[in-house]
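Structure data follow from target-v9.pdb (PDB, C-alpha atoms):
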```pdb
ATOM      1  CA  MET A  25     139.968  92.093 163.075  1.00  0.00           C
ATOM      2  CA  ASP A  26     141.989  94.341 165.376  1.00  0.00           C
ATOM      3  CA  HIS A  27     142.429  96.807 162.513  1.00  0.00           C
ATOM      4  CA  ILE A  28     138.624  97.147 162.338  1.00  0.00           C
ATOM      5  CA  ARG A  29     138.448  97.825 166.074  1.00  0.00           C
ATOM      6  CA  ASN A  30     140.955 100.660 165.569  1.00  0.00           C
ATOM      7  CA  LEU A  31     138.716 102.212 162.887  1.00  0.00           C
ATOM      8  CA  ILE A  32     135.429 101.852 164.761  1.00  0.00           C
ATOM      9  CA  GLY A  33     135.246 105.595 165.467  1.00  0.00           C
ATOM     10  CA  PHE A  34     134.965 106.270 161.735  1.00  0.00           C
ATOM     11  CA  PHE A  35     131.845 104.141 161.245  1.00  0.00           C
ATOM     12  CA  GLY A  36     128.239 105.171 161.678  1.00  0.00           C
ATOM     13  CA  VAL A  37     126.106 104.048 164.579  1.00  0.00           C
ATOM     14  CA  VAL A  38     124.366 101.287 162.602  1.00  0.00           C
ATOM     15  CA  THR A  39     127.698  99.715 161.637  1.00  0.00           C
ATOM     16  CA  ILE A  40     129.030 100.011 165.180  1.00  0.00           C
ATOM     17  CA  PHE A  41     125.892  98.474 166.703  1.00  0.00           C
ATOM     18  CA  ILE A  42     125.899  95.552 164.250  1.00  0.00           C
ATOM     19  CA  TYR A  43     129.621  94.957 164.733  1.00  0.00           C
ATOM     20  CA  ARG A  44     129.271  94.908 168.518  1.00  0.00           C
ATOM     21  CA  ALA A  45     126.154  92.712 168.393  1.00  0.00           C
ATOM     22  CA  LEU A  46     127.838  90.121 166.171  1.00  0.00           C
ATOM     23  CA  LYS A  47     130.893  90.132 168.440  1.00  0.00           C
ATOM     24  CA  ASN A  48     128.636  89.632 171.505  1.00  0.00           C
ATOM     25  CA  GLU A  49     129.879  92.928 172.926  1.00  0.00           C
ATOM     26  CA  PRO A  50     127.749  95.459 174.792  1.00  0.00           C
ATOM     27  CA  ILE A  51     126.201  98.239 172.738  1.00  0.00           C
ATOM     28  CA  ILE A  52     126.752 101.565 174.478  1.00  0.00           C
ATOM     29  CA  VAL A  53     123.922 104.095 174.197  1.00  0.00           C
ATOM     30  CA  TYR A  54     124.550 107.543 175.639  1.00  0.00           C
ATOM     31  CA  GLY A  55     121.314 108.713 177.229  1.00  0.00           C
ATOM     32  CA  ASP A  56     118.014 106.855 177.276  1.00  0.00           C
ATOM     33  CA  GLY A  57     117.882 106.018 173.553  1.00  0.00           C
ATOM     34  CA  THR A  58     114.912 108.244 172.793  1.00  0.00           C
ATOM     35  CA  ILE A  59     116.913 110.758 170.747  1.00  0.00           C
ATOM     36  CA  ILE A  60     115.717 110.858 167.143  1.00  0.00           C
ATOM     37  CA  ARG A  61     118.138 110.496 164.245  1.00  0.00           C
ATOM     38  CA  ASP A  62     117.775 110.622 160.488  1.00  0.00           C
ATOM     39  CA  PHE A  63     119.048 107.522 158.701  1.00  0.00           C
ATOM     40  CA  ILE A  64     119.811 107.602 154.986  1.00  0.00           C
ATOM     41  CA  TYR A  65     120.675 104.818 152.560  1.00  0.00           C
ATOM     42  CA  ILE A  66     124.180 105.283 151.169  1.00  0.00           C
ATOM     43  CA  ASP A  67     123.065 105.221 147.512  1.00  0.00           C
ATOM     44  CA  ASP A  68     120.638 108.063 148.229  1.00  0.00           C
ATOM     45  CA  ALA A  69     123.373 110.093 149.931  1.00  0.00           C
ATOM     46  CA  ILE A  70     125.785 109.536 147.027  1.00  0.00           C
ATOM     47  CA  ARG A  71     123.145 110.541 144.492  1.00  0.00           C
ATOM     48  CA  GLU A  72     122.589 113.832 146.356  1.00  0.00           C
ATOM     49  CA  ILE A  73     126.333 114.459 146.695  1.00  0.00           C
ATOM     50  CA  LEU A  74     126.754 114.003 142.945  1.00  0.00           C
ATOM     51  CA  LYS A  75     124.032 116.591 142.376  1.00  0.00           C
ATOM     52  CA  ILE A  76     125.973 119.002 144.584  1.00  0.00           C
ATOM     53  CA  GLU A  77     129.175 118.290 142.651  1.00  0.00           C
ATOM     54  CA  SER A  78     127.458 119.361 139.439  1.00  0.00           C
ATOM     55  CA  ASP A  79     126.217 122.611 141.020  1.00  0.00           C
ATOM     56  CA  SER A  80     128.324 125.536 139.834  1.00  0.00           C
ATOM     57  CA  SER A  81     127.785 127.524 143.033  1.00  0.00           C
ATOM     58  CA  ARG A  82     130.215 126.338 145.730  1.00  0.00           C
ATOM     59  CA  GLU A  83     129.105 128.840 148.375  1.00  0.00           C
ATOM     60  CA  LYS A  84     126.017 126.950 149.555  1.00  0.00           C
ATOM     61  CA  LEU A  85     125.384 124.890 152.651  1.00  0.00           C
ATOM     62  CA  TYR A  86     123.766 121.488 152.140  1.00  0.00           C
ATOM     63  CA  ASN A  87     122.049 119.153 154.572  1.00  0.00           C
ATOM     64  CA  ILE A  88     121.388 115.703 153.145  1.00  0.00           C
ATOM     65  CA  GLY A  89     118.857 113.554 154.930  1.00  0.00           C
ATOM     66  CA  SER A  90     116.006 111.181 154.394  1.00  0.00           C
ATOM     67  CA  GLU A  91     112.380 111.375 155.347  1.00  0.00           C
ATOM     68  CA  TYR A  92     112.794 108.521 157.823  1.00  0.00           C
ATOM     69  CA  ARG A  93     113.612 109.341 161.404  1.00  0.00           C
ATOM     70  CA  ALA A  94     113.858 106.864 164.244  1.00  0.00           C
ATOM     71  CA  SER A  95     115.002 106.812 167.824  1.00  0.00           C
ATOM     72  CA  ILE A  96     118.083 104.869 168.818  1.00  0.00           C
ATOM     73  CA  ASN A  97     115.780 102.481 170.700  1.00  0.00           C
ATOM     74  CA  GLU A  98     113.724 101.888 167.537  1.00  0.00           C
ATOM     75  CA  LEU A  99     116.940 101.178 165.649  1.00  0.00           C
ATOM     76  CA  LEU A 100     118.017  98.695 168.325  1.00  0.00           C
ATOM     77  CA  ASN A 101     114.638  96.923 168.127  1.00  0.00           C
ATOM     78  CA  VAL A 102     114.965  96.561 164.353  1.00  0.00           C
ATOM     79  CA  LEU A 103     118.538  95.275 164.630  1.00  0.00           C
ATOM     80  CA  GLN A 104     117.515  92.738 167.254  1.00  0.00           C
ATOM     81  CA  LYS A 105     114.735  91.419 165.005  1.00  0.00           C
ATOM     82  CA  VAL A 106     116.894  91.319 161.873  1.00  0.00           C
ATOM     83  CA  LEU A 107     119.930  89.749 163.577  1.00  0.00           C
ATOM     84  CA  LYS A 108     117.720  87.404 165.639  1.00  0.00           C
ATOM     85  CA  ILE A 109     119.892  87.818 168.708  1.00  0.00           C
ATOM     86  CA  GLU A 110     119.400  89.408 172.117  1.00  0.00           C
ATOM     87  CA  LEU A 111     121.332  92.677 172.220  1.00  0.00           C
ATOM     88  CA  ASP A 112     123.344  93.639 175.290  1.00  0.00           C
ATOM     89  CA  VAL A 113     122.500  97.346 175.515  1.00  0.00           C
ATOM     90  CA  VAL A 114     124.146  99.527 178.149  1.00  0.00           C
ATOM     91  CA  TYR A 115     122.668 102.974 178.706  1.00  0.00           C
ATOM     92  CA  LYS A 116     125.135 105.575 179.979  1.00  0.00           C
ATOM     93  CA  PHE A 117     124.124 108.830 181.587  1.00  0.00           C
ATOM     94  CA  SER A 118     126.704 111.463 182.440  1.00  0.00           C
TER      95      SER A 118
END
```
If you convert what's in this file into structure tokens, what do you get?
Amino acid sequence: MDHIRNLIGFFGVVTIFIYRALKNEPIIVYGDGTIIRDFIYIDDAIREILKIESDSSREKLYNIGSEYRASINELLNVLQKVLKIELDVVYKFS
């Protein structure tokens, strides 16, 4: 599992939070957790990327997102309910 710990910076926030929760490690949140993020299901992202690949014009800028936005705190609440464990959340302000 040490090799996963070395790669943790490459994962998204959901993966990192779940990994830390299952390992009983603190989840670090920078700020107060009210920042809103857009979360997209991987299959939806891939489908959109494939559409871009088929586009003949390579000089465009794309922003792929979903219609669902949630705060980090909302995400943590959902994870806590789904995992059925108390999360150790540490808020950091700098």
I want to know what sits within 7 Å of segment 57-60 of chain A, based on all atoms listed in the file, with residues of the same chain fewer than 3 positions away left out; could you give that as an MDAnalysis selection string? chainID A and resid 53 93:97
Those same residues, written as a CSV table (one decimal), in the frame of the given file with C-alpha atoms?
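The result, written out as out_33.csv:
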```
chain,number,residue,atom,x,y,z
A,53,VAL,CA,123.9,104.1,174.2
A,93,ARG,CA,113.6,109.3,161.4
A,94,ALA,CA,113.9,106.9,164.2
A,95,SER,CA,115.0,106.8,167.8
A,96,ILE,CA,118.1,104.9,168.8
A,97,ASN,CA,115.8,102.5,170.7
```
Protein, DNA and RNA residues within 10 Å of (125.9, 104.1, 157.3), all atoms listed in the file, as a ChimeraX atom specification: /A:35-40,63-66,69
Keeping only C-alpha atoms, take the residues you just selected and write them out as a PDB file, keeping the file's coordinate frame.
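Output contents, as saved in out_35.pdb:
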```
ATOM      1  CA  PHE A  35     131.845 104.141 161.245  1.00  0.00           C
ATOM      2  CA  GLY A  36     128.239 105.171 161.678  1.00  0.00           C
ATOM      3  CA  VAL A  37     126.106 104.048 164.579  1.00  0.00           C
ATOM      4  CA  VAL A  38     124.366 101.287 162.602  1.00  0.00           C
ATOM      5  CA  THR A  39     127.698  99.715 161.637  1.00  0.00           C
ATOM      6  CA  ILE A  40     129.030 100.011 165.180  1.00  0.00           C
ATOM      7  CA  PHE A  63     119.048 107.522 158.701  1.00  0.00           C
ATOM      8  CA  ILE A  64     119.811 107.602 154.986  1.00  0.00           C
ATOM      9  CA  TYR A  65     120.675 104.818 152.560  1.00  0.00           C
ATOM     10  CA  ILE A  66     124.180 105.283 151.169  1.00  0.00           C
ATOM     11  CA  ALA A  69     123.373 110.093 149.931  1.00  0.00           C
TER      12      ALA A  69
END
```
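Of note, atom CA of Tyr86 of chain A and atom CA of Leu99 of chain A are spaced 25.3 Å apart.
For the pair atom CA of Ile51 of chain A and atom CA of Leu107 of chain A, the interatomic distance is 14.0 Å.
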d(atom CA of Ala45 of chain A, atom CA of Leu100 of chain A) in Å: 10.1 Å
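With all atoms listed in the file as the basis for measurement, A:Lys116 is the residue among A:Lys108, A:Lys84, A:Lys75, A:Lys116 that approaches Gly55 of chain A most closely.
With all atoms listed in the file as the atoms that count, the minimum distance from Glu91 of chain A to the choices A:Glu110, A:Asp56, A:Asp62, A:Glu49 is reached by A:Asp62.
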Fewer than 2 positions away in the same chain doesn't count, so skip those; otherwise give me all residues within 7 Å of Val113 of chain A, counting all atoms listed in the file, as a ChimeraX atom specification. /A:50-52,111,115
